[in-house]
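Chemist: Here you go, this is final_30.pdb (PDB, C-alpha atoms).
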```pdb
ATOM      1  CA  MET A  10     129.748   0.381 148.668  1.00  0.00           C
ATOM      2  CA  VAL A  11     129.442   3.752 150.349  1.00  0.00           C
ATOM      3  CA  VAL A  12     131.330   6.514 148.611  1.00  0.00           C
ATOM      4  CA  GLY A  13     133.261   8.652 151.049  1.00  0.00           C
ATOM      5  CA  LYS A  14     136.630   9.469 152.499  1.00  0.00           C
ATOM      6  CA  ASN A  15     139.098   6.659 153.028  1.00  0.00           C
ATOM      7  CA  LYS A  16     140.814   7.484 156.316  1.00  0.00           C
ATOM      8  CA  ARG A  17     143.609   5.024 155.650  1.00  0.00           C
ATOM      9  CA  GLN A  18     144.557   6.677 152.397  1.00  0.00           C
ATOM     10  CA  PRO A  19     147.463   9.131 152.955  1.00  0.00           C
ATOM     11  CA  LYS A  20     146.725  12.749 152.199  1.00  0.00           C
ATOM     12  CA  GLY A  21     148.319  13.875 148.983  1.00  0.00           C
ATOM     13  CA  GLY A  22     148.741  17.429 147.860  1.00  0.00           C
ATOM     14  CA  LYS A  23     151.148  20.006 146.740  1.00  0.00           C
ATOM     15  CA  GLY A  24     153.751  21.391 149.043  1.00  0.00           C
ATOM     16  CA  GLY A  25     153.574  18.939 151.887  1.00  0.00           C
ATOM     17  CA  LYS A  26     154.795  20.365 155.198  1.00  0.00           C
ATOM     18  CA  LYS A  27     155.278  24.112 155.421  1.00  0.00           C
ATOM     19  CA  LYS A  28     158.897  25.145 155.773  1.00  0.00           C
ATOM     20  CA  ILE A  29     159.598  26.775 159.152  1.00  0.00           C
ATOM     21  CA  VAL A  30     161.460  30.069 158.779  1.00  0.00           C
ATOM     22  CA  ASP A  31     163.201  31.705 161.723  1.00  0.00           C
ATOM     23  CA  PRO A  32     161.540  35.141 162.143  1.00  0.00           C
ATOM     24  CA  PHE A  33     164.849  36.682 163.278  1.00  0.00           C
ATOM     25  CA  THR A  34     166.270  36.255 159.762  1.00  0.00           C
ATOM     26  CA  ARG A  35     163.901  39.045 158.632  1.00  0.00           C
ATOM     27  CA  LYS A  36     164.975  41.485 161.366  1.00  0.00           C
ATOM     28  CA  ASP A  37     167.809  43.973 161.855  1.00  0.00           C
ATOM     29  CA  TRP A  38     169.467  45.291 165.014  1.00  0.00           C
ATOM     30  CA  TYR A  39     169.634  49.036 165.725  1.00  0.00           C
ATOM     31  CA  ASP A  40     171.636  50.916 168.392  1.00  0.00           C
ATOM     32  CA  ILE A  41     169.673  53.220 170.709  1.00  0.00           C
ATOM     33  CA  ARG A  42     171.472  56.458 171.603  1.00  0.00           C
ATOM     34  CA  ALA A  43     170.482  58.727 174.491  1.00  0.00           C
ATOM     35  CA  PRO A  44     170.884  62.539 174.331  1.00  0.00           C
ATOM     36  CA  ASN A  45     174.065  64.091 175.717  1.00  0.00           C
ATOM     37  CA  PHE A  46     172.140  64.992 178.913  1.00  0.00           C
ATOM     38  CA  PHE A  47     173.601  61.755 180.266  1.00  0.00           C
ATOM     39  CA  GLU A  48     177.108  60.311 180.659  1.00  0.00           C
ATOM     40  CA  ASN A  49     176.390  56.989 178.949  1.00  0.00           C
ATOM     41  CA  VAL A  50     174.730  57.579 175.566  1.00  0.00           C
ATOM     42  CA  ASP A  51     174.750  53.947 174.402  1.00  0.00           C
ATOM     43  CA  VAL A  52     171.480  52.680 175.860  1.00  0.00           C
ATOM     44  CA  GLY A  53     171.121  49.312 174.142  1.00  0.00           C
ATOM     45  CA  LYS A  54     169.769  47.658 171.005  1.00  0.00           C
ATOM     46  CA  THR A  55     166.360  46.981 169.476  1.00  0.00           C
ATOM     47  CA  LEU A  56     164.979  44.800 166.684  1.00  0.00           C
ATOM     48  CA  VAL A  57     162.785  45.690 163.732  1.00  0.00           C
ATOM     49  CA  ASN A  58     161.570  43.941 160.568  1.00  0.00           C
ATOM     50  CA  ARG A  59     163.428  44.962 157.415  1.00  0.00           C
ATOM     51  CA  SER A  60     161.735  47.325 154.967  1.00  0.00           C
ATOM     52  CA  THR A  61     159.535  45.340 152.572  1.00  0.00           C
ATOM     53  CA  GLY A  62     157.132  46.802 150.022  1.00  0.00           C
ATOM     54  CA  LEU A  63     155.232  49.714 151.518  1.00  0.00           C
ATOM     55  CA  LYS A  64     156.296  48.886 155.087  1.00  0.00           C
ATOM     56  CA  SER A  65     159.324  50.925 156.099  1.00  0.00           C
ATOM     57  CA  ALA A  66     161.576  50.003 159.024  1.00  0.00           C
ATOM     58  CA  ASN A  67     162.050  53.702 159.852  1.00  0.00           C
ATOM     59  CA  ASP A  68     158.305  54.187 160.334  1.00  0.00           C
ATOM     60  CA  SER A  69     158.228  51.231 162.729  1.00  0.00           C
ATOM     61  CA  LEU A  70     161.158  52.610 164.750  1.00  0.00           C
ATOM     62  CA  LYS A  71     160.091  56.258 165.042  1.00  0.00           C
ATOM     63  CA  GLY A  72     157.958  56.855 168.102  1.00  0.00           C
ATOM     64  CA  ARG A  73     159.245  53.860 170.057  1.00  0.00           C
ATOM     65  CA  VAL A  74     159.687  54.582 173.783  1.00  0.00           C
ATOM     66  CA  VAL A  75     162.365  52.841 175.835  1.00  0.00           C
ATOM     67  CA  GLU A  76     162.692  52.915 179.627  1.00  0.00           C
ATOM     68  CA  VAL A  77     166.173  53.085 181.171  1.00  0.00           C
ATOM     69  CA  SER A  78     167.369  53.479 184.754  1.00  0.00           C
ATOM     70  CA  ILE A  79     169.240  56.707 185.426  1.00  0.00           C
ATOM     71  CA  GLY A  80     171.740  54.543 187.310  1.00  0.00           C
ATOM     72  CA  ASP A  81     172.794  53.065 183.950  1.00  0.00           C
ATOM     73  CA  LEU A  82     172.726  56.390 182.108  1.00  0.00           C
ATOM     74  CA  ASN A  83     174.742  58.392 184.656  1.00  0.00           C
ATOM     75  CA  LYS A  84     176.546  55.487 186.370  1.00  0.00           C
ATOM     76  CA  ASP A  85     174.905  56.578 189.623  1.00  0.00           C
ATOM     77  CA  GLU A  86     173.583  53.630 191.648  1.00  0.00           C
ATOM     78  CA  GLU A  87     172.168  55.887 194.371  1.00  0.00           C
ATOM     79  CA  ASN A  88     169.575  57.236 191.914  1.00  0.00           C
ATOM     80  CA  ALA A  89     168.856  53.908 190.192  1.00  0.00           C
ATOM     81  CA  PHE A  90     165.214  54.177 191.355  1.00  0.00           C
ATOM     82  CA  ARG A  91     164.586  56.862 188.704  1.00  0.00           C
ATOM     83  CA  LYS A  92     163.338  55.534 185.349  1.00  0.00           C
ATOM     84  CA  ILE A  93     163.969  57.712 182.291  1.00  0.00           C
ATOM     85  CA  LYS A  94     161.775  57.361 179.194  1.00  0.00           C
ATOM     86  CA  LEU A  95     163.411  58.041 175.822  1.00  0.00           C
ATOM     87  CA  ARG A  96     161.468  58.382 172.543  1.00  0.00           C
ATOM     88  CA  VAL A  97     163.009  57.608 169.123  1.00  0.00           C
ATOM     89  CA  ASP A  98     162.740  60.707 166.904  1.00  0.00           C
ATOM     90  CA  GLU A  99     165.234  60.061 164.113  1.00  0.00           C
ATOM     91  CA  VAL A 100     167.033  57.161 162.411  1.00  0.00           C
ATOM     92  CA  GLN A 101     170.641  57.710 161.273  1.00  0.00           C
ATOM     93  CA  GLY A 102     171.948  54.568 159.567  1.00  0.00           C
ATOM     94  CA  LYS A 103     171.857  51.903 162.290  1.00  0.00           C
ATOM     95  CA  LYS A 104     171.577  54.449 165.128  1.00  0.00           C
ATOM     96  CA  LEU A 105     168.357  55.647 166.730  1.00  0.00           C
ATOM     97  CA  LEU A 106     168.449  59.204 168.074  1.00  0.00           C
ATOM     98  CA  THR A 107     166.171  59.706 171.080  1.00  0.00           C
ATOM     99  CA  THR A 108     164.818  62.599 173.126  1.00  0.00           C
ATOM    100  CA  PHE A 109     163.684  62.820 176.758  1.00  0.00           C
ATOM    101  CA  ALA A 110     160.048  61.672 177.066  1.00  0.00           C
ATOM    102  CA  GLY A 111     159.506  61.447 180.831  1.00  0.00           C
ATOM    103  CA  MET A 112     160.707  60.334 184.258  1.00  0.00           C
ATOM    104  CA  ASP A 113     159.157  58.194 186.992  1.00  0.00           C
ATOM    105  CA  PHE A 114     160.024  56.359 190.213  1.00  0.00           C
ATOM    106  CA  THR A 115     160.147  52.584 190.559  1.00  0.00           C
ATOM    107  CA  SER A 116     157.191  51.168 192.515  1.00  0.00           C
ATOM    108  CA  ASP A 117     159.407  49.824 195.327  1.00  0.00           C
ATOM    109  CA  LYS A 118     160.895  53.307 195.912  1.00  0.00           C
ATOM    110  CA  ARG A 119     157.441  54.932 196.044  1.00  0.00           C
ATOM    111  CA  ARG A 120     156.260  52.370 198.614  1.00  0.00           C
ATOM    112  CA  SER A 121     159.391  52.720 200.740  1.00  0.00           C
ATOM    113  CA  LEU A 122     158.715  56.455 201.228  1.00  0.00           C
ATOM    114  CA  VAL A 123     155.347  55.956 202.948  1.00  0.00           C
ATOM    115  CA  ARG A 124     155.556  56.429 206.735  1.00  0.00           C
ATOM    116  CA  LYS A 125     152.997  55.651 209.432  1.00  0.00           C
ATOM    117  CA  TRP A 126     151.673  58.674 211.402  1.00  0.00           C
ATOM    118  CA  HIS A 127     153.087  61.151 208.858  1.00  0.00           C
ATOM    119  CA  THR A 128     151.266  63.337 206.311  1.00  0.00           C
ATOM    120  CA  GLN A 129     151.928  62.853 202.607  1.00  0.00           C
ATOM    121  CA  ILE A 130     151.726  66.043 200.545  1.00  0.00           C
ATOM    122  CA  GLU A 131     151.608  65.998 196.726  1.00  0.00           C
ATOM    123  CA  ALA A 132     151.468  68.733 194.098  1.00  0.00           C
ATOM    124  CA  ASN A 133     151.600  68.900 190.303  1.00  0.00           C
ATOM    125  CA  VAL A 134     152.004  71.745 187.854  1.00  0.00           C
ATOM    126  CA  ASP A 135     152.236  72.298 184.078  1.00  0.00           C
ATOM    127  CA  VAL A 136     155.183  74.472 183.093  1.00  0.00           C
ATOM    128  CA  LYS A 137     156.884  75.470 179.834  1.00  0.00           C
ATOM    129  CA  THR A 138     160.671  75.395 179.518  1.00  0.00           C
ATOM    130  CA  THR A 139     162.675  78.075 177.682  1.00  0.00           C
ATOM    131  CA  ASP A 140     163.080  75.800 174.629  1.00  0.00           C
ATOM    132  CA  GLY A 141     159.318  75.213 174.224  1.00  0.00           C
ATOM    133  CA  TYR A 142     158.650  71.893 176.026  1.00  0.00           C
ATOM    134  CA  LEU A 143     155.439  71.722 178.055  1.00  0.00           C
ATOM    135  CA  VAL A 144     156.195  69.523 181.076  1.00  0.00           C
ATOM    136  CA  ARG A 145     153.947  68.290 183.889  1.00  0.00           C
ATOM    137  CA  LEU A 146     155.898  67.896 187.143  1.00  0.00           C
ATOM    138  CA  PHE A 147     154.709  65.874 190.137  1.00  0.00           C
ATOM    139  CA  SER A 148     156.282  66.476 193.552  1.00  0.00           C
ATOM    140  CA  ILE A 149     155.906  64.544 196.799  1.00  0.00           C
ATOM    141  CA  ALA A 150     156.899  65.273 200.408  1.00  0.00           C
ATOM    142  CA  TYR A 151     156.326  63.898 203.916  1.00  0.00           C
ATOM    143  CA  THR A 152     156.126  65.648 207.272  1.00  0.00           C
ATOM    144  CA  LYS A 153     159.101  65.330 209.622  1.00  0.00           C
ATOM    145  CA  ARG A 154     159.279  65.014 213.403  1.00  0.00           C
ATOM    146  CA  ARG A 155     160.472  68.153 215.131  1.00  0.00           C
ATOM    147  CA  ALA A 156     163.476  68.066 217.449  1.00  0.00           C
ATOM    148  CA  GLY A 157     162.358  67.090 220.957  1.00  0.00           C
ATOM    149  CA  GLN A 158     158.847  66.134 219.807  1.00  0.00           C
ATOM    150  CA  VAL A 159     156.942  63.981 222.316  1.00  0.00           C
ATOM    151  CA  ARG A 160     153.689  63.467 220.417  1.00  0.00           C
ATOM    152  CA  LYS A 161     153.467  60.154 218.528  1.00  0.00           C
ATOM    153  CA  THR A 162     151.846  61.480 215.353  1.00  0.00           C
ATOM    154  CA  THR A 163     153.330  64.019 212.931  1.00  0.00           C
ATOM    155  CA  TYR A 164     150.253  65.224 211.082  1.00  0.00           C
ATOM    156  CA  ALA A 165     150.039  68.645 209.406  1.00  0.00           C
ATOM    157  CA  LYS A 166     146.833  70.714 209.493  1.00  0.00           C
ATOM    158  CA  SER A 167     144.815  71.135 206.299  1.00  0.00           C
ATOM    159  CA  SER A 168     145.692  74.865 206.244  1.00  0.00           C
ATOM    160  CA  GLN A 169     149.402  73.987 206.492  1.00  0.00           C
ATOM    161  CA  ILE A 170     149.051  71.400 203.693  1.00  0.00           C
ATOM    162  CA  ARG A 171     147.450  74.020 201.403  1.00  0.00           C
ATOM    163  CA  GLU A 172     150.211  76.511 202.153  1.00  0.00           C
ATOM    164  CA  ILE A 173     152.964  73.911 201.581  1.00  0.00           C
ATOM    165  CA  ARG A 174     151.353  72.766 198.309  1.00  0.00           C
ATOM    166  CA  LYS A 175     151.198  76.383 197.121  1.00  0.00           C
ATOM    167  CA  LYS A 176     154.919  76.828 197.867  1.00  0.00           C
ATOM    168  CA  MET A 177     155.755  73.572 196.073  1.00  0.00           C
ATOM    169  CA  MET A 178     153.927  74.700 192.933  1.00  0.00           C
ATOM    170  CA  GLU A 179     155.579  78.152 192.980  1.00  0.00           C
ATOM    171  CA  ILE A 180     159.088  76.670 193.268  1.00  0.00           C
ATOM    172  CA  MET A 181     158.468  74.070 190.524  1.00  0.00           C
ATOM    173  CA  ILE A 182     157.234  76.800 188.135  1.00  0.00           C
ATOM    174  CA  ARG A 183     160.169  79.084 188.984  1.00  0.00           C
ATOM    175  CA  GLU A 184     162.845  76.373 188.583  1.00  0.00           C
ATOM    176  CA  ALA A 185     161.450  74.805 185.380  1.00  0.00           C
ATOM    177  CA  SER A 186     160.410  77.962 183.489  1.00  0.00           C
ATOM    178  CA  SER A 187     163.863  79.549 183.852  1.00  0.00           C
ATOM    179  CA  CYS A 188     165.831  76.771 182.096  1.00  0.00           C
ATOM    180  CA  ASP A 189     165.752  74.487 179.059  1.00  0.00           C
ATOM    181  CA  LEU A 190     164.894  70.765 179.075  1.00  0.00           C
ATOM    182  CA  LYS A 191     168.539  69.677 179.451  1.00  0.00           C
ATOM    183  CA  ALA A 192     169.026  71.805 182.574  1.00  0.00           C
ATOM    184  CA  LEU A 193     165.689  70.630 183.996  1.00  0.00           C
ATOM    185  CA  VAL A 194     166.655  66.943 183.612  1.00  0.00           C
ATOM    186  CA  ALA A 195     169.996  67.720 185.305  1.00  0.00           C
ATOM    187  CA  LYS A 196     168.075  69.054 188.336  1.00  0.00           C
ATOM    188  CA  PHE A 197     166.323  65.711 188.945  1.00  0.00           C
ATOM    189  CA  SER A 198     169.273  63.623 190.149  1.00  0.00           C
ATOM    190  CA  PRO A 199     170.772  65.947 192.811  1.00  0.00           C
ATOM    191  CA  GLU A 200     167.175  66.928 193.784  1.00  0.00           C
ATOM    192  CA  VAL A 201     167.778  70.689 193.467  1.00  0.00           C
ATOM    193  CA  ILE A 202     164.037  71.474 193.463  1.00  0.00           C
ATOM    194  CA  GLY A 203     163.466  69.284 196.541  1.00  0.00           C
ATOM    195  CA  ARG A 204     166.068  71.198 198.562  1.00  0.00           C
ATOM    196  CA  GLU A 205     164.494  74.523 197.560  1.00  0.00           C
ATOM    197  CA  ILE A 206     161.079  73.278 198.721  1.00  0.00           C
ATOM    198  CA  GLU A 207     162.561  72.111 202.038  1.00  0.00           C
ATOM    199  CA  LYS A 208     164.067  75.568 202.726  1.00  0.00           C
ATOM    200  CA  ALA A 209     160.905  77.454 201.725  1.00  0.00           C
ATOM    201  CA  THR A 210     158.491  75.339 203.801  1.00  0.00           C
ATOM    202  CA  PHE A 211     160.532  74.835 206.987  1.00  0.00           C
ATOM    203  CA  TYR A 212     158.726  77.649 208.852  1.00  0.00           C
ATOM    204  CA  ILE A 213     155.320  76.139 207.918  1.00  0.00           C
ATOM    205  CA  TYR A 214     156.125  72.515 208.841  1.00  0.00           C
ATOM    206  CA  PRO A 215     159.404  70.523 208.602  1.00  0.00           C
ATOM    207  CA  LEU A 216     159.446  68.171 205.614  1.00  0.00           C
ATOM    208  CA  GLN A 217     161.498  65.123 204.572  1.00  0.00           C
ATOM    209  CA  ASN A 218     161.793  62.846 201.506  1.00  0.00           C
ATOM    210  CA  ILE A 219     160.984  65.679 199.090  1.00  0.00           C
ATOM    211  CA  PHE A 220     161.244  64.540 195.470  1.00  0.00           C
ATOM    212  CA  ILE A 221     160.133  65.354 191.947  1.00  0.00           C
ATOM    213  CA  ARG A 222     158.703  61.856 191.600  1.00  0.00           C
ATOM    214  CA  LYS A 223     157.423  62.142 188.024  1.00  0.00           C
ATOM    215  CA  ALA A 224     157.839  64.271 184.901  1.00  0.00           C
ATOM    216  CA  LYS A 225     155.690  63.969 181.800  1.00  0.00           C
ATOM    217  CA  ILE A 226     156.188  65.673 178.429  1.00  0.00           C
ATOM    218  CA  LEU A 227     152.790  67.020 177.360  1.00  0.00           C
ATOM    219  CA  LYS A 228     153.817  68.974 174.275  1.00  0.00           C
ATOM    220  CA  THR A 229     157.033  69.255 172.286  1.00  0.00           C
ATOM    221  CA  PRO A 230     158.151  72.078 169.977  1.00  0.00           C
ATOM    222  CA  LYS A 231     158.154  71.622 166.211  1.00  0.00           C
ATOM    223  CA  PHE A 232     160.633  68.921 165.154  1.00  0.00           C
ATOM    224  CA  ASP A 233     164.040  70.391 164.296  1.00  0.00           C
ATOM    225  CA  ALA A 234     166.675  67.972 162.963  1.00  0.00           C
ATOM    226  CA  GLU A 235     169.540  70.379 163.729  1.00  0.00           C
ATOM    227  CA  LYS A 236     168.561  70.697 167.400  1.00  0.00           C
ATOM    228  CA  LEU A 237     168.257  66.926 167.666  1.00  0.00           C
ATOM    229  CA  LEU A 238     171.770  66.479 166.245  1.00  0.00           C
ATOM    230  CA  GLU A 239     173.071  69.076 168.721  1.00  0.00           C
ATOM    231  CA  MET A 240     171.563  67.039 171.563  1.00  0.00           C
ATOM    232  CA  HIS A 241     173.498  64.007 170.344  1.00  0.00           C
ATOM    233  CA  GLY A 242     176.810  65.687 169.510  1.00  0.00           C
ATOM    234  CA  ASP A 243     178.929  64.183 166.715  1.00  0.00           C
ATOM    235  CA  ILE A 244     177.218  61.428 164.726  1.00  0.00           C
ATOM    236  CA  ILE A 245     179.539  58.802 163.292  1.00  0.00           C
ATOM    237  CA  ASP A 246     178.481  57.083 160.066  1.00  0.00           C
ATOM    238  CA  GLU A 247     178.676  53.359 159.228  1.00  0.00           C
ATOM    239  CA  THR A 248     182.355  53.475 158.130  1.00  0.00           C
ATOM    240  CA  GLY A 249     183.475  55.216 161.311  1.00  0.00           C
ATOM    241  CA  VAL A 250     184.313  58.532 159.602  1.00  0.00           C
ATOM    242  CA  ARG A 251     182.827  61.723 161.027  1.00  0.00           C
ATOM    243  CA  VAL A 252     180.120  63.065 158.729  1.00  0.00           C
ATOM    244  CA  GLY A 253     181.038  66.466 157.319  1.00  0.00           C
ATOM    245  CA  GLY A 254     184.364  66.502 159.169  1.00  0.00           C
ATOM    246  CA  GLY A 255     187.498  68.021 157.601  1.00  0.00           C
ATOM    247  CA  GLU A 256     187.986  69.882 154.325  1.00  0.00           C
ATOM    248  CA  PHE A 257     187.629  68.287 150.902  1.00  0.00           C
ATOM    249  CA  LYS A 258     190.902  67.795 149.018  1.00  0.00           C
ATOM    250  CA  GLU A 259     191.041  66.948 145.344  1.00  0.00           C
ATOM    251  CA  PRO A 260     193.047  63.783 144.554  1.00  0.00           C
ATOM    252  CA  GLU A 261     196.311  64.234 142.667  1.00  0.00           C
ATOM    253  CA  ILE A 262     196.280  63.499 138.901  1.00  0.00           C
ATOM    254  CA  GLN A 263     198.009  60.220 138.182  1.00  0.00           C
ATOM    255  CA  LYS A 264     200.397  60.164 135.207  1.00  0.00           C
ATOM    256  CA  GLU A 265     200.155  56.447 134.713  1.00  0.00           C
ATOM    257  CA  VAL A 266     197.282  54.082 135.336  1.00  0.00           C
TER     258      VAL A 266
END
```
What does this structure look like when you write it as structure tokens?
Modeler:
Amino acid sequence: MVVGKNKRQPKGGKGGKKKIVDPFTRKDWYDIRAPNFFENVDVGKTLVNRSTGLKSANDSLKGRVVEVSIGDLNKDEENAFRKIKLRVDEVQGKKLLTTFAGMDFTSDKRRSLVRKWHTQIEANVDVKTTDGYLVRLFSIAYTKRRAGQVRKTTYAKSSQIREIRKKMMEIMIREASSCDLKALVAKFSPEVIGREIEKATFYIYPLQNIFIRKAKILKTPKFDAEKLLEMHGDIIDETGVRVGGGEFKEPEIQKEV
């Protein structure tokens, strides 16, 4: 008789089948809060594994970047093509306090701007805000047909493109370096910088569809918890009572217990 494995014999052993555990039982939900730059500060929720051993939930949450449409943040559907990036900087109970981390256009909006027989002009510049944020701004513009133009194409000369790009960079530096980050973000939606570029470059060549299409935070100032709390206004704790609100009153001494 050959000694070997008997395939018909059932496998014995300790434990048997491994118990299936739902991974969501080990996770907690956290609320994401946007800075008070925006009308709607309640962005949404996110999941994270609970703190176990040396692994802390706070470490897993800090640094997370979420992408939200400005249409949801400001209740403005006309500017829903702008995507705002928010980075988690602090954890307060079950609330995640975020700061502005960047802005970009949706791909369908970028493609819809392209026009046949028109010149696309782009410029980018690195500028520092008054509160110490180093921001890289990207602007885009397209040439516009003049009134009564007969010619089919609307191309700008290379000398005109250089002059327009120079003006775009000057205006972006002027507008961004004279305000803080909050004021700079507020200039994106009504396209304040785009209107300034249109006025300044009209004598060179008429432009249309002028936008700050992208903003990227290159460097942030040293982390300051007080400034972060100012950006988020009043923080409410788990019980719904304002932290640090009101004066402390000693309880009255009871005669009988």
Chemist: Selection in question (the file shown): the PyMOL selection byres ((chain A and resi 234-240) around 6). Which residues does it include, as an NGL selection string?
Modeler: :A and (44-45 or 233 or 241-242)
Chemist: Mind giving me the straight-line distance from atom CA of A:Val57 to atom CA of A:Leu106 in Å, one decimal?
Modeler: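 Going from atom CA of A:Val57 over to atom CA of A:Leu106 covers 15.3 Å.
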Chemist: Env of A:Lys36: 12 Å cut, atoms = only C-alpha atoms, seq-sep filter 3 positions within chain, self excluded. Answer as JSON, numbers by chain.
Modeler: {"A": [31, 32, 33, 39, 55, 56, 57, 58, 59, 60, 61, 66, 69]}
Chemist: Selected by the PyMOL selection byres ((chain A and resi 204) around 12) in the shown coordinates: which residues, as a PyMOL selection string?
Modeler: chain A and resi 148+150+177+180-181+184+196-203+205-211+216-221
Chemist: Which residues, named as in the file, does the PyMOL selection byres ((chain A and resi 123) around 12) pick out? Answer as a ChimeraX atom specification.
Modeler: /A:116-122,124-130,149-152,217-219
Chemist: Restrict the selected residues to C-alpha atoms and save them as a PDB file, in the coordinates of the input.
Modeler:
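Full text of out15.pdb as output:
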```pdb
ATOM      1  CA  SER A 116     157.191  51.168 192.515  1.00  0.00           C
ATOM      2  CA  ASP A 117     159.407  49.824 195.327  1.00  0.00           C
ATOM      3  CA  LYS A 118     160.895  53.307 195.912  1.00  0.00           C
ATOM      4  CA  ARG A 119     157.441  54.932 196.044  1.00  0.00           C
ATOM      5  CA  ARG A 120     156.260  52.370 198.614  1.00  0.00           C
ATOM      6  CA  SER A 121     159.391  52.720 200.740  1.00  0.00           C
ATOM      7  CA  LEU A 122     158.715  56.455 201.228  1.00  0.00           C
ATOM      8  CA  ARG A 124     155.556  56.429 206.735  1.00  0.00           C
ATOM      9  CA  LYS A 125     152.997  55.651 209.432  1.00  0.00           C
ATOM     10  CA  TRP A 126     151.673  58.674 211.402  1.00  0.00           C
ATOM     11  CA  HIS A 127     153.087  61.151 208.858  1.00  0.00           C
ATOM     12  CA  THR A 128     151.266  63.337 206.311  1.00  0.00           C
ATOM     13  CA  GLN A 129     151.928  62.853 202.607  1.00  0.00           C
ATOM     14  CA  ILE A 130     151.726  66.043 200.545  1.00  0.00           C
ATOM     15  CA  ILE A 149     155.906  64.544 196.799  1.00  0.00           C
ATOM     16  CA  ALA A 150     156.899  65.273 200.408  1.00  0.00           C
ATOM     17  CA  TYR A 151     156.326  63.898 203.916  1.00  0.00           C
ATOM     18  CA  THR A 152     156.126  65.648 207.272  1.00  0.00           C
ATOM     19  CA  GLN A 217     161.498  65.123 204.572  1.00  0.00           C
ATOM     20  CA  ASN A 218     161.793  62.846 201.506  1.00  0.00           C
ATOM     21  CA  ILE A 219     160.984  65.679 199.090  1.00  0.00           C
TER      22      ILE A 219
END
```
Chemist: Any idea what the distance is between atom CA of A:Arg73 and atom CA of A:Phe47?
Modeler: 19.3 Å
Chemist: Measure the distance from atom CA of A:Leu105 to atom CA of A:Arg42 in Å and round it to one decimal.
Modeler: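 So the two atoms, atom CA of A:Leu105 and atom CA of A:Arg42, lie 5.8 Å apart.
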Chemist: Using all atoms listed in the file for the distances, tell me which of A:Thr107, A:Thr115, A:Thr163, A:Asn67 is nearest to A:Leu95.
Modeler: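 Looking at the shortest contact to A:Leu95, the residue is A:Thr107.
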Chemist: Smallest atom-to-atom distance to A:Val144: which of A:Thr229, A:Arg183, A:Arg174, A:Phe114, using only C-alpha atoms?
Modeler: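 Checking each candidate against A:Val144, we get A:Thr229 as the closest.
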Chemist: Might you pull out every residue within 6 Å of A:Tyr142, with all atoms listed in the file counted and same-chain residues fewer than 3 positions away left off, and present them as a ChimeraX atom specification?
Modeler: /A:137-138,228-229
Chemist: A:Leu227, A:Leu190, A:Ala185, A:Asp113: which is nearest A:Asn88, counting only C-alpha atoms?
Modeler: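 Going through A:Leu227, A:Leu190, A:Ala185, A:Asp113 one by one, the smallest distance to A:Asn88 is for A:Asp113.
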Chemist: With only C-alpha atoms as the basis for distance, which of A:Ile41, A:Val77, A:Val50, A:Ile173 is at the shortest distance from A:Asp98?
Modeler: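 Checking each candidate against A:Asp98, we get A:Ile41 as the closest.
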Chemist: Which residue out of A:Val136, A:Asp51, A:Leu146, A:Leu70 has the minimum interatomic distance to A:Val100 when only C-alpha atoms are used?
Modeler: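 Ranked by minimum distance to A:Val100, first place goes to A:Leu70.
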Chemist: Taking all atoms listed in the file into account, name the residue in A:Gly62, A:Glu48, A:Phe109, A:Val134 that is nearest to A:Lys84.
Modeler: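 Selected residue with least distance to A:Lys84: A:Glu48.
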Chemist: Got a sec to check which residues sit within 12 Å of (148.7, 65.8, 214.1), counting only C-alpha atoms, and write them as a list in words?
Modeler: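 I get Lys125, Trp126, His127, Thr128, Thr152, Lys153, Arg154, Gln158, Val159, Arg160, Lys161, Thr162, Thr163, Tyr164, Ala165, Lys166, Ser167, Gln169, Ile170 and Tyr214 of chain A for the residues within 12 Å of that point.
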